[in-house]
Each structure stands twice: as C-alpha cells, then as structure tokens.
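Student: Structure supplied as coords_8.cif; contents: mmCIF, C-alpha atoms.
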data_input
loop_
_atom_site.label_atom_id
_atom_site.label_comp_id
_atom_site.auth_asym_id
_atom_site.auth_seq_id
_atom_site.Cartn_x
_atom_site.Cartn_y
_atom_site.Cartn_z
CA MET G 1 -10.55 -9.80 3.36
CA ALA G 2 -8.32 -7.84 0.95
CA ALA G 3 -10.12 -4.89 -0.60
CA LEU G 4 -9.83 -6.19 -4.18
CA ALA G 5 -10.34 -9.90 -3.53
CA GLY G 6 -12.45 -11.46 -6.27
CA GLN G 7 -11.53 -8.73 -8.78
CA VAL G 8 -9.67 -9.33 -12.04
CA ALA G 9 -7.45 -6.51 -13.25
CA ILE G 10 -6.28 -6.16 -16.83
CA LEU G 11 -3.29 -3.88 -17.30
CA SER G 12 -1.62 -2.62 -20.48
CA GLY G 13 1.98 -1.48 -20.78
CA ALA G 14 2.67 -3.77 -17.86
CA LEU G 15 6.42 -4.22 -18.22
CA GLY G 16 7.32 -0.56 -17.73
CA ASP G 17 8.21 0.73 -14.28
CA ILE G 18 4.73 2.05 -13.50
CA GLY G 19 3.00 -0.95 -15.05
CA GLN G 20 4.95 -3.43 -12.91
CA ALA G 21 4.32 -1.38 -9.77
CA CYS G 22 0.58 -1.29 -10.51
CA ALA G 23 0.40 -5.04 -11.06
CA VAL G 24 2.08 -5.76 -7.73
CA GLU G 25 0.03 -3.20 -5.82
CA LEU G 26 -3.26 -4.53 -7.17
CA ALA G 27 -2.21 -8.07 -6.25
CA ARG G 28 -1.18 -6.88 -2.80
CA ARG G 29 -4.79 -5.78 -2.36
CA GLY G 30 -6.14 -9.12 -3.55
CA ALA G 31 -6.81 -8.75 -7.29
CA ASP G 32 -5.88 -11.39 -9.85
CA VAL G 33 -3.80 -9.71 -12.53
CA ALA G 34 -3.70 -10.09 -16.31
CA VAL G 35 -0.94 -8.04 -17.86
CA GLY G 36 -0.05 -7.28 -21.44
CA ASP G 37 2.82 -5.74 -23.35
CA LEU G 38 4.36 -5.95 -26.79
CA GLN G 39 6.72 -8.83 -26.10
CA PHE G 40 7.71 -11.37 -23.48
CA ASP G 41 11.01 -10.84 -21.66
CA ASP G 42 12.70 -11.61 -18.32
CA ARG G 43 10.55 -9.06 -16.50
CA VAL G 44 7.51 -11.30 -16.93
CA LYS G 45 8.92 -14.08 -14.73
CA ARG G 46 9.91 -11.64 -11.99
CA LEU G 47 6.48 -10.05 -12.10
CA ARG G 48 4.74 -13.43 -12.06
CA ASP G 49 6.76 -14.48 -9.02
CA GLU G 50 5.79 -11.30 -7.16
CA VAL G 51 2.09 -11.52 -7.96
CA GLU G 52 1.78 -15.23 -7.28
CA GLY G 53 3.85 -14.81 -4.14
CA LEU G 54 1.04 -12.56 -2.90
CA GLY G 55 -1.44 -15.38 -3.44
CA CYS G 56 -3.04 -14.02 -6.63
CA ARG G 57 -3.37 -15.47 -10.11
CA PHE G 58 -1.29 -14.02 -12.94
CA ARG G 59 -1.16 -14.22 -16.70
CA PHE G 60 0.82 -12.42 -19.37
CA ASP G 61 -0.20 -11.94 -23.00
CA GLU G 62 1.56 -10.23 -25.85
CA ALA G 63 -0.86 -7.53 -26.92
CA ASP G 64 -0.59 -4.47 -29.14
CA VAL G 65 -3.17 -1.98 -27.86
CA THR G 66 -3.24 -0.19 -31.22
CA ASP G 67 -4.83 -3.29 -32.77
CA GLU G 68 -8.50 -3.49 -31.80
CA GLY G 69 -8.68 -7.16 -32.74
CA GLN G 70 -5.73 -8.07 -30.52
CA VAL G 71 -7.27 -6.17 -27.61
CA ALA G 72 -10.58 -8.02 -28.08
CA ASP G 73 -8.78 -11.38 -28.21
CA TRP G 74 -6.81 -10.47 -25.09
CA LEU G 75 -9.98 -9.63 -23.18
CA THR G 76 -11.54 -12.91 -24.28
CA VAL G 77 -8.64 -15.10 -23.17
CA VAL G 78 -8.47 -13.29 -19.83
CA GLU G 79 -12.19 -13.86 -19.33
CA GLU G 80 -11.82 -17.55 -20.17
CA THR G 81 -8.91 -18.12 -17.78
CA LEU G 82 -9.26 -15.66 -14.90
CA GLY G 83 -12.77 -14.28 -15.28
CA THR G 84 -14.22 -11.04 -16.59
CA ALA G 85 -11.88 -8.08 -16.13
CA THR G 86 -13.60 -5.80 -13.63
CA LEU G 87 -10.64 -3.42 -13.31
CA GLY G 88 -9.17 -1.91 -16.47
CA ILE G 89 -5.84 -0.10 -16.09
CA CYS G 90 -4.85 1.74 -19.28
CA ASN G 91 -1.14 2.35 -18.88
CA ALA G 92 0.47 1.69 -22.29
CA ALA G 93 2.10 4.84 -23.63
CA ILE G 94 5.14 6.14 -25.47
CA VAL G 95 7.01 9.43 -25.35
CA GLU G 96 9.80 10.79 -27.51
CA GLN G 97 11.64 14.08 -27.18
CA LEU G 98 10.71 15.60 -30.53
CA ASP G 99 9.77 19.25 -30.92
CA PHE G 100 7.67 20.40 -33.87
CA SER G 101 10.72 20.90 -36.08
CA GLN G 102 11.65 17.24 -35.56
CA LEU G 103 8.20 15.64 -35.33
CA THR G 104 7.39 13.42 -38.30
CA ALA G 105 3.95 12.31 -39.38
CA ASP G 106 4.77 8.74 -38.36
CA ALA G 107 5.92 9.77 -34.88
CA TRP G 108 2.81 11.92 -34.42
CA ARG G 109 0.52 9.05 -35.45
CA GLN G 110 2.34 6.59 -33.21
CA HIS G 111 1.86 8.76 -30.13
CA LEU G 112 -1.85 9.12 -30.83
CA ASP G 113 -2.27 5.45 -31.78
CA VAL G 114 -0.63 4.09 -28.62
CA ASN G 115 -1.46 6.72 -26.03
CA LEU G 116 -5.00 7.64 -27.07
CA THR G 117 -6.49 5.11 -29.46
CA GLY G 118 -4.97 2.17 -27.58
CA THR G 119 -6.43 3.53 -24.36
CA PHE G 120 -9.84 3.76 -26.01
CA PHE G 121 -9.70 0.18 -27.33
CA LEU G 122 -8.88 -1.31 -23.94
CA ALA G 123 -11.08 0.88 -21.78
CA ASN G 124 -14.14 0.61 -23.99
CA GLY G 125 -13.58 -3.10 -24.47
CA VAL G 126 -13.58 -3.63 -20.71
CA ALA G 127 -16.63 -1.40 -20.23
CA ARG G 128 -18.72 -3.04 -22.95
CA ARG G 129 -18.19 -6.50 -21.47
CA LEU G 130 -19.13 -5.28 -18.01
CA VAL G 131 -22.32 -3.73 -19.36
CA GLU G 132 -23.22 -6.93 -21.22
CA GLN G 133 -22.74 -8.96 -18.04
CA LYS G 134 -24.35 -6.35 -15.78
CA LYS G 135 -21.28 -6.10 -13.59
CA PRO G 136 -19.85 -2.98 -11.93
CA GLY G 137 -16.23 -2.04 -12.53
CA ARG G 138 -13.47 0.51 -12.41
CA ILE G 139 -11.37 1.90 -15.26
CA VAL G 140 -8.26 3.95 -14.57
CA PHE G 141 -6.31 5.92 -17.16
CA LEU G 142 -2.65 6.71 -16.58
CA GLY G 143 -2.60 10.33 -17.65
CA SER G 144 -0.19 13.15 -16.96
CA TRP G 145 -0.01 16.70 -15.72
CA ALA G 146 1.35 17.34 -19.25
CA ALA G 147 -2.25 17.08 -20.47
CA GLU G 148 -2.73 20.72 -19.50
CA HIS G 149 0.82 22.04 -19.18
CA VAL G 150 2.83 22.50 -22.36
CA HIS G 151 6.31 21.01 -22.68
CA ARG G 152 7.98 22.20 -25.84
CA HIS G 153 10.04 19.05 -26.47
CA ILE G 154 7.21 16.52 -26.17
CA PRO G 155 4.21 18.09 -27.93
CA ALA G 156 2.84 14.81 -29.35
CA TYR G 157 2.82 13.30 -25.86
CA CYS G 158 1.10 16.36 -24.39
CA VAL G 159 -1.61 16.34 -27.07
CA SER G 160 -2.22 12.61 -26.68
CA LYS G 161 -2.58 12.93 -22.90
CA ALA G 162 -4.98 15.84 -23.31
CA GLY G 163 -7.06 13.53 -25.48
CA VAL G 164 -6.93 10.83 -22.82
CA ARG G 165 -8.33 13.31 -20.30
CA MET G 166 -11.39 14.08 -22.42
CA LEU G 167 -11.81 10.38 -23.23
CA CYS G 168 -11.90 9.70 -19.50
CA ARG G 169 -14.59 12.29 -18.89
CA SER G 170 -16.68 11.18 -21.86
CA MET G 171 -16.56 7.53 -20.88
CA ALA G 172 -17.30 8.37 -17.26
CA LEU G 173 -20.51 10.08 -18.27
CA GLU G 174 -21.53 7.24 -20.58
CA TYR G 175 -20.91 4.39 -18.17
CA ALA G 176 -21.84 5.86 -14.78
CA GLN G 177 -25.37 4.50 -15.10
CA HIS G 178 -23.86 1.01 -15.31
CA GLU G 179 -21.84 1.39 -12.09
CA ILE G 180 -18.60 1.66 -14.01
CA LEU G 181 -16.41 4.44 -12.66
CA VAL G 182 -13.79 5.93 -14.97
CA ASN G 183 -11.00 8.12 -13.60
CA GLU G 184 -7.50 9.34 -14.38
CA VAL G 185 -4.31 9.40 -12.34
CA ALA G 186 -2.17 12.34 -13.48
CA PRO G 187 1.34 12.16 -12.03
CA GLY G 188 3.95 14.86 -12.26
CA ILE G 189 7.63 13.92 -12.48
CA VAL G 190 8.12 10.22 -11.79
CA ASN G 191 11.41 8.39 -11.40
CA ALA G 192 10.40 5.97 -14.12
CA GLY G 193 10.61 5.57 -17.88
CA LEU G 194 12.19 8.49 -19.73
CA SER G 195 12.65 10.56 -16.59
CA ARG G 196 14.59 7.77 -14.88
CA GLN G 197 16.75 7.38 -17.97
CA LEU G 198 17.51 11.11 -17.96
CA LEU G 199 18.29 11.05 -14.24
CA GLU G 200 20.71 8.19 -14.72
CA GLU G 201 22.44 9.97 -17.60
CA ASP G 202 22.83 13.28 -15.74
CA THR G 203 23.61 13.05 -12.04
CA GLY G 204 22.94 16.74 -11.51
CA LEU G 205 19.50 16.63 -13.03
CA GLN G 206 17.69 15.38 -9.94
CA ASP G 207 18.52 18.53 -7.97
CA GLU G 208 17.30 20.67 -10.87
CA MET G 209 14.04 18.72 -11.05
CA ILE G 210 13.45 18.92 -7.32
CA ARG G 211 14.00 22.67 -7.41
CA HIS G 212 10.84 22.99 -9.52
CA ILE G 213 8.65 20.74 -7.36
CA PRO G 214 7.09 22.59 -4.41
CA THR G 215 7.03 19.48 -2.21
CA GLY G 216 10.67 18.83 -3.07
CA ARG G 217 10.19 15.17 -3.97
CA ILE G 218 10.16 13.16 -7.18
CA MET G 219 7.42 10.53 -7.30
CA THR G 220 8.16 6.82 -7.50
CA ALA G 221 6.34 4.22 -9.57
CA GLY G 222 5.00 2.87 -6.28
CA ASP G 223 3.46 6.25 -5.46
CA VAL G 224 1.56 6.14 -8.75
CA ALA G 225 0.49 2.52 -8.25
CA ARG G 226 -1.06 3.29 -4.86
CA LEU G 227 -3.20 6.01 -6.43
CA VAL G 228 -4.35 3.62 -9.15
CA ALA G 229 -5.24 1.00 -6.55
CA TRP G 230 -7.17 3.54 -4.49
CA LEU G 231 -9.33 4.44 -7.49
CA CYS G 232 -10.10 0.72 -7.90
CA ASP G 233 -11.13 0.30 -4.27
CA PRO G 234 -14.82 -0.51 -3.69
CA GLU G 235 -14.94 2.27 -1.10
CA ASN G 236 -14.38 4.72 -3.95
CA ASN G 237 -17.99 4.46 -5.07
CA HIS G 238 -18.79 8.02 -6.22
CA MET G 239 -15.74 9.50 -7.93
CA THR G 240 -15.97 9.30 -11.71
CA GLY G 241 -14.68 11.49 -14.53
CA ALA G 242 -12.13 12.88 -12.09
CA VAL G 243 -8.46 13.66 -12.47
CA LEU G 244 -6.44 12.59 -9.46
CA GLN G 245 -3.51 14.94 -9.98
CA SER G 246 -0.51 14.07 -7.87
CA ASP G 247 2.44 16.16 -8.96
CA GLY G 248 3.92 17.67 -5.81
CA GLY G 249 2.44 21.01 -6.80
CA ILE G 250 4.52 21.46 -9.94
CA SER G 251 1.43 22.33 -11.97
CA LEU G 252 1.03 25.35 -9.70
CA VAL G 253 4.40 26.74 -10.76
CA SER G 254 4.44 29.23 -13.64
CA ALA G 255 5.77 28.24 -17.04
CA THR G 256 8.62 30.74 -16.80
CA GLU G 257 9.87 29.09 -13.62
CA ARG G 258 9.75 25.65 -15.23
CA HIS G 259 11.32 26.61 -18.53
CA SER G 260 14.90 25.59 -17.78
CA SER G 261 14.02 21.97 -17.08
CA GLU G 262 10.81 21.36 -18.97
CA VAL G 263 12.42 18.82 -21.28
CA THR G 264 12.57 16.41 -18.35
CA LEU G 265 9.08 16.92 -17.04
CA LYS G 266 7.11 13.89 -18.08
CA THR G 267 5.49 10.98 -16.35
#
Is it possible to give me this structure as structure tokens?

Tutor:
Amino acid sequence: MAALAGQVAILSGALGDIGQACAVELARRGADVAVGDLQFDDRVKRLRDEVEGLGCRFRFDEADVTDEGQVADWLTVVEETLGTATLGICNAAIVEQLDFSQLTADAWRQHLDVNLTGTFFLANGVARRLVEQKKPGRIVFLGSWAAEHVHRHIPAYCVSKAGVRMLCRSMALEYAQHEILVNEVAPGIVNAGLSRQLLEEDTGLQDEMIRHIPTGRIMTAGDVARLVAWLCDPENNHMTGAVLQSDGGISLVSATERHSSEVTLKT
C-alpha cells in the first residue's frame, strides 16, 4: 500500500512550481489532494490530469489565504467532498525585490499577510479540526534558508519567513500532544518562481549561483516536494518543530562570499 493512502492533503499556493510538484508527489504516494490558489487557470487541468492519473482524487478551489473566512470555507468543502484534511501543506507565498528604500507599507503588509498570516490561518485551521475529530496529522510549512540569512533586496520576504519559522515551532509545541507534527522545509536556491525567472532572463546567472552552492547544484521543485512528502510520511512519527534545511550548504557560506549574487538567492 502507498505510504499516504487514505490521507487527504490540502495545499495552498498550489499553482506555483513548488506547489504543483508537491501535489503530484503527494498523490504519487497515495494521498488525495485538495489544492487552492487565487484563481483558476490552465494549470489546474494539467494538475488534475496528473493527480487523477495516479489514481487519487483531486479538487481545486479558489482561496485567498489572507482571508480567514475563505480558508475556513475551503477546509469545510474539502472535508465534505474528500474527507478531513490530515496533511496541511502551507506553500502560498510572495516575494518582491524591494530593498528598504523601495519598500512601501502596502508591500510590507502584503508579504506578512500572505507569507505569515495566511500560513497561520491554514495551518491552525487544519490543526483545530484534527483536534476536534481526535485525528493525527502532519503540517508542513514551506520556509526558506532566508529566514536566518539576510538578503538585502528581499527584506520583507526574509522577515516573513523568519516569522513562519517561529510559528512552526510554536504550533509544534502546542499540537504535539494531539499527534499532530508540525515541521518546516527550508530550501536554498530553487529553480522555481522568481529564481527561475531570473535564470531565464540571464543565461550567465546559473553559473554564478552554482559558484556559491557548495554541492554545486540548484534544487528543483521536485527536490522540495520529496522533502515535503517525507515529512508527511507515517514513518516520520517523532520529528516536530524541526527545520529540514536543504540548501546544498549555501547557508554555511559567509555573507561576504554570497554578496555578489544575493539578490537571486530565494526559494
């Protein structure tokens, strides 16, 4: 039997590169998958075909994680159609290259609202329902090595991810007694999202990035998804409040060595 058979995963920010990879990887391991994002587009059909092609159920809902009511409604409709979400994957996030001289109050609030508050709404919503129904579960936050390593051009992102890290630890302590394990995956440079866009715009940038990664390899969205799936596995029955940092060793490199390319270093 597949490791996650009988589980229902709910996943925010599902139409991004990492979100899609997570949905497929969880389905590959047997989980039914409920995904959400801000709006429906062609990616939903492709993702549905992949998940259902693996023999798992799939649903998509438009959901704004910054709206607590929408998150609650989303959890309810998933429960009514697929069953209670036992795996909560908090992936929705934004990042903009804005240093402090460019950062507006609205941009600052948006980073915190989406990346931190939205993560809280979904994760705590999943956990509360599991407690009410006396069911065990797993919650995984998509964090970043930027939570502890400053990048001068994305300060709002760094601060929001630092908040996610403490949220993870706080929730892990609260919910451990209910057999709900809460952990974070913290990737380094991933060929996805903003980083992929930058790589496509500058063909020489990949070599510069790799020069700063001790293992000499940029992560893929699939690499991240496999870490998320591992944290959801029933055999992971003790780890909670942990940061699964997978960055090729870049966090071990000094800030002075990273300085020339730090603008590109985001998950």

Student: Excluding G:Ala63 and its own-chain neighbours fewer than 4 positions away, which residues fall within 7 Å of it when counting all atoms listed in the file? Please give them as a list of chain:residue names.

Tutor: G:Gly36, G:Asp37, G:Leu38, G:Gln70, G:Val71, G:Trp74

Student: Provide the atom CA of G:Phe121 to atom CA of G:Cys168 distance in Å, to one decimal place.

Tutor: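 The value is 12.5 Å.
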
Student: Please list, as a ChimeraX atom specification, the residues that have an atom at most 12 Å away from (-4.9, -5.6, -3.1) in the coordinates of this file, counting only C-alpha atoms.

Tutor: /G:1-9,22-33,51,54-56,87,225-226,228-234

Student: Please write as an MDAnalysis selection string the full residue list that the PyMOL selection byres ((chain G and resi 58) around 6) yields on this file.

Tutor: chainID G and resid 33:34 57 59

Student: Go through stretch 236-255 of chain G residue by residue and, counting all atoms listed in the file, keep those with an atom at most 8 Å from stretch 175-199 of chain G; for each kept residue give the shortest atom pair and its distance in Å to one decimal, ordered by chain and increasing number, as a tab-separated table.

Tutor:
residue	atom	partner	partner_atom	distance
G:Asn237	CA	G:Leu181	CA	7.8
G:His238	CA	G:Leu181	CA	7.7
G:Met239	CA	G:Leu181	CA	7.0
G:Thr240	CA	G:Leu181	CA	5.0
G:Gly241	CA	G:Asn183	CA	5.1
G:Ala242	CA	G:Asn183	CA	5.1
G:Val243	CA	G:Glu184	CA	4.8
G:Leu244	CA	G:Val185	CA	4.8
G:Gln245	CA	G:Ala186	CA	4.6
G:Ser246	CA	G:Pro187	CA	4.9
G:Asp247	CA	G:Gly188	CA	3.9
G:Gly248	CA	G:Gly188	CA	7.0
G:Ile250	CA	G:Gly188	CA	7.0
G:Ser251	CA	G:Gly188	CA	7.9

Student: Nearest residue to G:Arg43 out of G:Val65, G:Val95, G:Ala14, G:Ala221, using only C-alpha atoms?

Tutor: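 Closest residue, counting only C-alpha atoms: G:Ala14.
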
Student: For the structure shown, which residues end up in the PyMOL selection byres ((chain G and resi 126-131) around 9)? Put them as a PDB file with C-alpha atoms, in the frame of the given file, please?

Tutor:
ATOM      1  CA  ILE G  10      -6.280  -6.160 -16.830  1.00  0.00           C
ATOM      2  CA  LEU G  75      -9.980  -9.630 -23.180  1.00  0.00           C
ATOM      3  CA  THR G  84     -14.220 -11.040 -16.590  1.00  0.00           C
ATOM      4  CA  ALA G  85     -11.880  -8.080 -16.130  1.00  0.00           C
ATOM      5  CA  THR G  86     -13.600  -5.800 -13.630  1.00  0.00           C
ATOM      6  CA  LEU G  87     -10.640  -3.420 -13.310  1.00  0.00           C
ATOM      7  CA  GLY G  88      -9.170  -1.910 -16.470  1.00  0.00           C
ATOM      8  CA  PHE G 121      -9.700   0.180 -27.330  1.00  0.00           C
ATOM      9  CA  LEU G 122      -8.880  -1.310 -23.940  1.00  0.00           C
ATOM     10  CA  ALA G 123     -11.080   0.880 -21.780  1.00  0.00           C
ATOM     11  CA  ASN G 124     -14.140   0.610 -23.990  1.00  0.00           C
ATOM     12  CA  GLY G 125     -13.580  -3.100 -24.470  1.00  0.00           C
ATOM     13  CA  GLU G 132     -23.220  -6.930 -21.220  1.00  0.00           C
ATOM     14  CA  GLN G 133     -22.740  -8.960 -18.040  1.00  0.00           C
ATOM     15  CA  LYS G 134     -24.350  -6.350 -15.780  1.00  0.00           C
ATOM     16  CA  LYS G 135     -21.280  -6.100 -13.590  1.00  0.00           C
ATOM     17  CA  PRO G 136     -19.850  -2.980 -11.930  1.00  0.00           C
ATOM     18  CA  GLY G 137     -16.230  -2.040 -12.530  1.00  0.00           C
ATOM     19  CA  ARG G 138     -13.470   0.510 -12.410  1.00  0.00           C
ATOM     20  CA  ILE G 139     -11.370   1.900 -15.260  1.00  0.00           C
ATOM     21  CA  MET G 171     -16.560   7.530 -20.880  1.00  0.00           C
ATOM     22  CA  TYR G 175     -20.910   4.390 -18.170  1.00  0.00           C
ATOM     23  CA  HIS G 178     -23.860   1.010 -15.310  1.00  0.00           C
ATOM     24  CA  GLU G 179     -21.840   1.390 -12.090  1.00  0.00           C
ATOM     25  CA  ILE G 180     -18.600   1.660 -14.010  1.00  0.00           C
TER      26      ILE G 180
END

Student: Calculate how many Å separate atom CA of G:Val114 from atom CA of G:Gly16, rounding to one decimal.

Tutor: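 Taking atom CA of G:Val114 as the start and atom CA of G:Gly16 as the end point, the length is 14.3 Å.
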
Student: Report, in Å with one decimal, the straight-line distance from atom CA of G:His153 to atom CA of G:Leu227.

Tutor: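 Atom-to-atom, atom CA of G:His153 to atom CA of G:Leu227, that is 27.3 Å.
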
Student: Take the PyMOL selection byres ((chain G and resi 212) around 8), apply it to the structure above, and return the hits as a list in words.

Tutor: Glu208, Met209, Ile210, Arg211, Ile213, Pro214, Gly216, Ile250, Val253, Glu257 and Arg258 of chain G

Student: Kindly indicate which residue among G:Glu68, G:Arg46, G:Leu167, G:Asp99 lies nearest to G:Val140, using only C-alpha atoms for the distances.

Tutor: G:Leu167

Student: So which one's closest to G:Ile89, G:Cys158, G:Ala147, G:Met219, G:Leu142? Using only C-alpha atoms, please.

Tutor: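 Comparing G:Cys158, G:Ala147, G:Met219, G:Leu142 against G:Ile89, the winner is G:Leu142.
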
Student: Counting only C-alpha atoms, which of G:Ile218, G:Ile94, G:Met166, G:Ile154 gets nearest to G:Phe120?

Tutor: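 For G:Phe120, the nearest of the candidates is G:Met166.
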
Student: Considering all atoms listed in the file, can you say which of G:Ala156, G:Val44, G:Leu82, G:Val150 comes closest to G:Trp108?

Tutor: G:Ala156

Student: How would stretch 117-127 of chain G read, as a tab-separated table (two decimals), in the frame of the given file, once all heavy atoms are built in?

Tutor:
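The resulting file, out-v1.tsv, is shown below:
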chain	number	residue	atom	x	y	z
G	117	THR	N	-5.63	6.13	-28.86
G	117	THR	CA	-6.49	5.11	-29.46
G	117	THR	C	-6.36	3.78	-28.72
G	117	THR	O	-7.36	3.08	-28.48
G	117	THR	CB	-6.15	4.92	-30.95
G	117	THR	OG1	-6.27	6.19	-31.61
G	117	THR	CG2	-7.09	3.92	-31.60
G	118	GLY	N	-5.16	3.40	-28.33
G	118	GLY	CA	-4.97	2.17	-27.58
G	118	GLY	C	-5.69	2.21	-26.24
G	118	GLY	O	-6.26	1.20	-25.80
G	119	THR	N	-5.69	3.36	-25.61
G	119	THR	CA	-6.43	3.53	-24.36
G	119	THR	C	-7.92	3.35	-24.60
G	119	THR	O	-8.62	2.69	-23.82
G	119	THR	CB	-6.14	4.92	-23.77
G	119	THR	OG1	-4.76	4.97	-23.37
G	119	THR	CG2	-7.02	5.22	-22.58
G	120	PHE	N	-8.42	3.92	-25.67
G	120	PHE	CA	-9.84	3.76	-26.01
G	120	PHE	C	-10.21	2.30	-26.25
G	120	PHE	O	-11.21	1.79	-25.73
G	120	PHE	CB	-10.17	4.59	-27.26
G	120	PHE	CG	-11.45	4.19	-27.92
G	120	PHE	CD1	-12.68	4.43	-27.31
G	120	PHE	CD2	-11.44	3.56	-29.16
G	120	PHE	CE1	-13.88	4.04	-27.93
G	120	PHE	CE2	-12.62	3.17	-29.78
G	120	PHE	CZ	-13.84	3.42	-29.15
G	121	PHE	N	-9.39	1.58	-27.03
G	121	PHE	CA	-9.70	0.18	-27.33
G	121	PHE	C	-9.81	-0.65	-26.06
G	121	PHE	O	-10.75	-1.44	-25.89
G	121	PHE	CB	-8.64	-0.42	-28.25
G	121	PHE	CG	-8.69	0.04	-29.68
G	121	PHE	CD1	-7.55	0.01	-30.48
G	121	PHE	CD2	-9.87	0.49	-30.25
G	121	PHE	CE1	-7.58	0.42	-31.80
G	121	PHE	CE2	-9.93	0.91	-31.58
G	121	PHE	CZ	-8.77	0.87	-32.35
G	122	LEU	N	-8.85	-0.50	-25.15
G	122	LEU	CA	-8.88	-1.31	-23.94
G	122	LEU	C	-9.99	-0.88	-23.00
G	122	LEU	O	-10.78	-1.71	-22.53
G	122	LEU	CB	-7.53	-1.25	-23.22
G	122	LEU	CG	-7.46	-2.09	-21.93
G	122	LEU	CD1	-7.78	-3.55	-22.20
G	122	LEU	CD2	-6.09	-1.94	-21.28
G	123	ALA	N	-10.09	0.40	-22.73
G	123	ALA	CA	-11.08	0.88	-21.78
G	123	ALA	C	-12.50	0.57	-22.24
G	123	ALA	O	-13.33	0.09	-21.46
G	123	ALA	CB	-10.92	2.39	-21.56
G	124	ASN	N	-12.78	0.84	-23.50
G	124	ASN	CA	-14.14	0.61	-23.99
G	124	ASN	C	-14.43	-0.88	-24.12
G	124	ASN	O	-15.57	-1.33	-23.92
G	124	ASN	CB	-14.35	1.31	-25.33
G	124	ASN	CG	-15.80	1.68	-25.56
G	124	ASN	OD1	-16.48	2.15	-24.66
G	124	ASN	ND2	-16.28	1.46	-26.78
G	125	GLY	N	-13.40	-1.67	-24.42
G	125	GLY	CA	-13.58	-3.10	-24.47
G	125	GLY	C	-13.95	-3.66	-23.10
G	125	GLY	O	-14.85	-4.51	-22.98
G	126	VAL	N	-13.26	-3.21	-22.07
G	126	VAL	CA	-13.58	-3.63	-20.71
G	126	VAL	C	-15.00	-3.20	-20.35
G	126	VAL	O	-15.81	-3.99	-19.84
G	126	VAL	CB	-12.57	-3.04	-19.70
G	126	VAL	CG1	-13.05	-3.24	-18.26
G	126	VAL	CG2	-11.19	-3.66	-19.89
G	127	ALA	N	-15.32	-1.95	-20.61
G	127	ALA	CA	-16.63	-1.40	-20.23
G	127	ALA	C	-17.77	-2.11	-20.93
G	127	ALA	O	-18.79	-2.44	-20.30
G	127	ALA	CB	-16.68	0.09	-20.53
